[in-house]
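A short worksheet on the structure shown next.
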Amino acid sequence: MKKKLLLSVLALVMSLFVGIQASAAADDIRLGGNDRFDVAINVSKNGWSSASTVIIANWDAYGDALAATPLAYKYNAPILLTKPIALDSRVKTEIQRLNAKSVIIVGGTISVSDNIVRELRNLGISVRRISGSNRVEVANNIAKEIGPTSKVVIADGFNFPDALSIAPYAARNGYPILLTNPKSLLDSSTQALIDQWPISQTIISGGPLSVSETVYNNVPNPRRFGGNSRFEVSANIANAYFSASTAAFVTKGSIFADALTGSVLAAKKNAPILLTEPDRLPVAITNSIVNNGLSRFTVLGGPISVSDSVFVKISNNIVGETIVLDPGHGGTDPGAAGYSLVEKEIVLDIAKRVNSKLSNSLSKVVMTRQTDTYLSLDQRVKTAEKSGADAFVSFHVNSYTSGSANGTETWYDSTYASASSKKLAEEIQTELVKAMGTRDRGVKEGGFYVIRNSKMPSVLVEIAFISNSTDASKLASNTYRQKAADAIYKGIMNYYN
Ligand SMILES: [Zn+2]
């Protein structure tokens, strides 16, 4: 579970002016900038206090920069970008800040001129170049510097998303990224390299329109990561290779400028690169975040690339958490009854409404029951345990022999996670009373089975009295059921933030 500070409005305002933005939470950041040179520099500043080696690539040659990612990881070197003729002064300053002793230039003299080589040598830096007459050759020559290896990656060299998505994994494992033209066979020099190496698996990033079936059929033991979109490809790679990680990088899926140099930092942080649309997370990416419990995010690019609404959403502390909702009773156990109402029905309805509210929060919600079925108390506790719950909320309504008893109360138990359980209870209780207009009976400590035996923060909510006419009329009302659900949702969100 994450712990973060309150959201600072200042951080959002600042994002318009600065290149590095911390979220409310110290563990989510945005690495932006005025242009791609700036973004690359901010990535470098975030990941390296110093670096003996720096890699420089042409600002437009995404193929070179992506193919260089495994090499950059190997030398623990940031990748900086340049225009062909001269070094940008900001880039020069960053090389000096890093106290770099050597620079590896990737690409030929048309991409990075010899004038830049001279500029760097004048700074006392040793320079060498990994060249090639085209991007495919540059990638092959980078591979020769890395390899021979047991696995290689092949990606479309003429579009960036699939190569970008696989780059952190390839880099971390030292597997070269080889490039291909989607419309043709592998370049003969690439095929020769693969044929000479002891390859046990060929990882292909992208569907058949990016790397053809013919290429697939001519490489050793291919494993393809496809999908209906670039977003799905990136999600599929994250799901396959980063399910144990809690960190992820998020960047716009339609431009390479921001993300190009972030892939080596992602590799350092053992984080996948997830591609997104500027204003909303694609479904495949949402599912990847929820199912893998990803919770620490680095956004590459400014608010135009990845909007502040997406940044705020992924920065919420509930992201990556697992919440168990436990509607009490069910099946042969109806719970309390009164005024033609039955507890098991009311609590299931309200819990489902909370579930639907939480579905947009990037947390994983597990319901102990979704239908009118009987569950033992121990089954409920086990469900929470097995799902790796971070919080547990049990839903009940109250009843008493006298119709005068009324109001809302929330219970916690001090056996496990006492302070957190109490806090969760307080947040939910406050919101519920406010929304329902019921009597505040307070937060109470007591050992109900499900909260006494659950090790994570857990509470039991008694929403209102089914045996009291005023309370019961609220429990019967769709409006008040929604109010109750909104309040419990709010209480959970407040607890996390
Ligand atoms: Zn009950």
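Order determines the names: the first chain of the structure tokens is A, the second B, and so forth; residues in each chain are numbered 1 upward, and ligands are numbered 1 upward as they are shown.
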Could you pull out the residues sitting within 6 Å of ligand 1, using only C-alpha atoms and all ligand atoms, and write them as JSON, numbers by chain? {"A": [328, 335, 396, 397]}
Set the distance at 12 Å and use only C-alpha atoms: which residues neighbour Ser212 in chain A once local chain neighbours fewer than 4 positions away are removed? I'd like the list as a PyMOL selection string. chain A and resi 154-156+180-186+204-208+216-219+222+224+226
Each residue of range 235-310 of chain A with at least one atom at most 10 Å from range 50-71 of chain A should appear once, together with its nearest atom pair and the corresponding distance in Å (one decimal); atoms considered: only C-alpha atoms; ordering: chain, then increasing residue number; output as JSON lines.
{"residue": "A:Phe256", "atom": "CA", "partner": "A:Tyr62", "partner_atom": "CA", "distance": 7.1}
{"residue": "A:Ala257", "atom": "CA", "partner": "A:Trp59", "partner_atom": "CA", "distance": 7.9}
{"residue": "A:Ala259", "atom": "CA", "partner": "A:Tyr62", "partner_atom": "CA", "distance": 9.7}
{"residue": "A:Leu260", "atom": "CA", "partner": "A:Ala65", "partner_atom": "CA", "distance": 6.6}
{"residue": "A:Thr261", "atom": "CA", "partner": "A:Ala65", "partner_atom": "CA", "distance": 7.1}
{"residue": "A:Gly262", "atom": "CA", "partner": "A:Thr69", "partner_atom": "CA", "distance": 9.2}
{"residue": "A:Ser263", "atom": "CA", "partner": "A:Thr69", "partner_atom": "CA", "distance": 6.7}
{"residue": "A:Val264", "atom": "CA", "partner": "A:Thr69", "partner_atom": "CA", "distance": 5.5}
{"residue": "A:Leu265", "atom": "CA", "partner": "A:Thr69", "partner_atom": "CA", "distance": 9.3}
{"residue": "A:Ala267", "atom": "CA", "partner": "A:Thr69", "partner_atom": "CA", "distance": 8.7}
Deliver the residues from the most recent selection as a file, using C-alpha atoms, as a compact mmCIF listing (two decimals), in the first residue's frame.
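Once everything was written out, this is selection_2.txt:
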# COMPACT_ATOMS: atom_id res chain seq x y z
CA PHE A 256 7.70 9.38 -30.27
CA ALA A 257 9.29 12.67 -29.30
CA ALA A 259 9.19 8.81 -25.02
CA LEU A 260 12.26 8.16 -27.10
CA THR A 261 14.85 8.64 -24.39
CA GLY A 262 12.63 7.49 -21.51
CA SER A 263 12.90 3.83 -22.40
CA VAL A 264 16.33 3.39 -20.82
CA LEU A 265 15.11 5.05 -17.61
CA ALA A 267 14.50 -0.18 -18.01
Quick one: residues within 9 Å of range 307-322 of chain A, only C-alpha atoms, excluding same-chain residues fewer than 2 positions away - as an MDAnalysis selection string? chainID A and resid 1:4 7 12 15 23:25 27:30 246 277:281 289:297 299 302:305 324 361:366 387:392 492:493 496:497
Range 102-321 of chain A: which residues are strand (DSSP E or B) by DSSP, as a VMD selection string? chain A and resid 102 to 106 126 to 130 151 to 156 177 to 180 201 to 205 222 to 225 247 to 252 273 to 276 296 to 300
For Asp349 in chain A, list every protein, DNA or RNA residue within 12 Å, evaluated using only C-alpha atoms, and leave out those in the same chain fewer than 2 positions away; present the list as a PyMOL selection string. chain A and resi 325-328+330+342-347+351-356+367+369-372+395-396+475-478+480-482+484-485
Take the residues just selected and output them with N, CA and C atoms as a short mmCIF file (atom, residue, chain, number, x, y, z; two decimals), in the first residue's frame.
data_model
loop_
_atom_site.label_atom_id
_atom_site.label_comp_id
_atom_site.auth_asym_id
_atom_site.auth_seq_id
_atom_site.Cartn_x
_atom_site.Cartn_y
_atom_site.Cartn_z
N LEU A 325 -15.17 -5.86 -1.44
CA LEU A 325 -16.49 -5.44 -0.97
C LEU A 325 -17.26 -6.70 -0.58
N ASP A 326 -17.78 -6.70 0.63
CA ASP A 326 -18.41 -7.90 1.17
C ASP A 326 -19.86 -7.63 1.57
N PRO A 327 -20.80 -7.85 0.65
CA PRO A 327 -22.21 -7.71 1.03
C PRO A 327 -22.60 -8.83 2.00
N GLY A 328 -23.06 -8.47 3.18
CA GLY A 328 -23.36 -9.48 4.21
C GLY A 328 -24.49 -10.41 3.81
N GLY A 330 -26.94 -13.48 2.51
CA GLY A 330 -27.15 -14.02 1.17
C GLY A 330 -27.64 -15.46 1.19
N VAL A 342 -35.36 -6.79 2.95
CA VAL A 342 -34.48 -7.85 3.44
C VAL A 342 -33.04 -7.37 3.34
N GLU A 343 -32.29 -7.56 4.42
CA GLU A 343 -30.92 -7.05 4.48
C GLU A 343 -30.05 -7.54 3.32
N LYS A 344 -30.12 -8.86 3.01
CA LYS A 344 -29.21 -9.42 1.99
C LYS A 344 -29.37 -8.74 0.63
N GLU A 345 -30.59 -8.28 0.35
CA GLU A 345 -30.83 -7.62 -0.95
C GLU A 345 -30.31 -6.18 -0.95
N ILE A 346 -30.59 -5.49 0.14
CA ILE A 346 -30.16 -4.08 0.23
C ILE A 346 -28.63 -3.98 0.14
N VAL A 347 -27.95 -4.80 0.93
CA VAL A 347 -26.49 -4.66 0.99
C VAL A 347 -25.82 -5.08 -0.33
N ALA A 351 -23.54 -2.49 -2.37
CA ALA A 351 -22.15 -2.90 -2.66
C ALA A 351 -21.88 -2.87 -4.16
N LYS A 352 -22.86 -3.29 -4.95
CA LYS A 352 -22.69 -3.25 -6.42
C LYS A 352 -22.54 -1.81 -6.91
N ARG A 353 -23.29 -0.93 -6.27
CA ARG A 353 -23.18 0.49 -6.66
C ARG A 353 -21.80 1.04 -6.30
N VAL A 354 -21.26 0.63 -5.17
CA VAL A 354 -19.90 1.06 -4.80
C VAL A 354 -18.90 0.48 -5.80
N ASN A 355 -19.10 -0.78 -6.15
CA ASN A 355 -18.23 -1.42 -7.14
C ASN A 355 -18.22 -0.62 -8.44
N SER A 356 -19.39 -0.21 -8.88
CA SER A 356 -19.42 0.51 -10.16
C SER A 356 -18.77 1.89 -10.04
N MET A 367 -15.64 -8.61 -5.24
CA MET A 367 -16.84 -8.75 -4.42
C MET A 367 -16.92 -10.18 -3.89
N ARG A 369 -19.53 -11.70 -2.93
CA ARG A 369 -20.64 -12.32 -3.67
C ARG A 369 -21.26 -11.28 -4.60
N GLN A 370 -21.71 -11.76 -5.76
CA GLN A 370 -22.35 -10.88 -6.74
C GLN A 370 -23.81 -11.24 -6.88
N THR A 371 -24.19 -12.36 -6.28
CA THR A 371 -25.57 -12.86 -6.42
C THR A 371 -26.10 -13.23 -5.05
N ASP A 372 -27.32 -13.70 -5.04
CA ASP A 372 -27.97 -14.07 -3.79
C ASP A 372 -27.52 -15.48 -3.37
N PHE A 395 -20.70 -4.94 4.23
CA PHE A 395 -21.93 -4.13 4.17
C PHE A 395 -23.06 -4.81 4.95
N HIS A 396 -23.65 -4.07 5.88
CA HIS A 396 -24.79 -4.59 6.65
C HIS A 396 -25.79 -3.48 6.91
N LEU A 475 -33.60 3.13 3.20
CA LEU A 475 -33.02 1.90 2.65
C LEU A 475 -33.83 1.36 1.48
N ALA A 476 -35.10 1.70 1.44
CA ALA A 476 -35.96 1.23 0.34
C ALA A 476 -35.77 2.08 -0.92
N SER A 477 -35.21 3.28 -0.74
CA SER A 477 -35.18 4.25 -1.84
C SER A 477 -33.92 4.11 -2.70
N ASN A 478 -34.11 4.08 -4.01
CA ASN A 478 -32.95 4.03 -4.92
C ASN A 478 -32.05 5.24 -4.74
N TYR A 480 -31.52 7.00 -2.02
CA TYR A 480 -30.68 6.89 -0.82
C TYR A 480 -29.67 5.75 -0.92
N ARG A 481 -30.03 4.70 -1.62
CA ARG A 481 -29.03 3.63 -1.82
C ARG A 481 -27.83 4.17 -2.59
N GLN A 482 -28.14 5.01 -3.60
CA GLN A 482 -27.04 5.60 -4.37
C GLN A 482 -26.25 6.56 -3.49
N ALA A 484 -25.83 6.32 -0.31
CA ALA A 484 -25.01 5.49 0.59
C ALA A 484 -23.76 4.99 -0.15
N ALA A 485 -23.98 4.54 -1.40
CA ALA A 485 -22.85 4.02 -2.18
C ALA A 485 -21.84 5.13 -2.48
#
Closest to Tyr175 in chain A among A:Met436, A:Ile105, A:Leu274, A:Ala72, using only C-alpha atoms?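 Selected residue with least distance to Tyr175 in chain A: A:Ala72.
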Atom pair CA of Ile350 in chain A / CA of Ala425 in chain A: separation (Å):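 The value is 17.0 Å.
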Which is closest to Ala40 in chain A among A:Leu300, A:Leu98, A:Val152, A:Ala170, if we use only C-alpha atoms? A:Leu300
I'd like the neighbourhood of range 89-97 of chain A as a list in words, where a residue qualifies if any of its atoms comes within 8 Å (using only C-alpha atoms), though same-chain residues fewer than 5 positions away should be ignored.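 After dropping sequence-adjacent residues, the list is Phe37, Asp38, Ile41, Ser50, Val54, Leu80, Leu81 and Thr82 of chain A.
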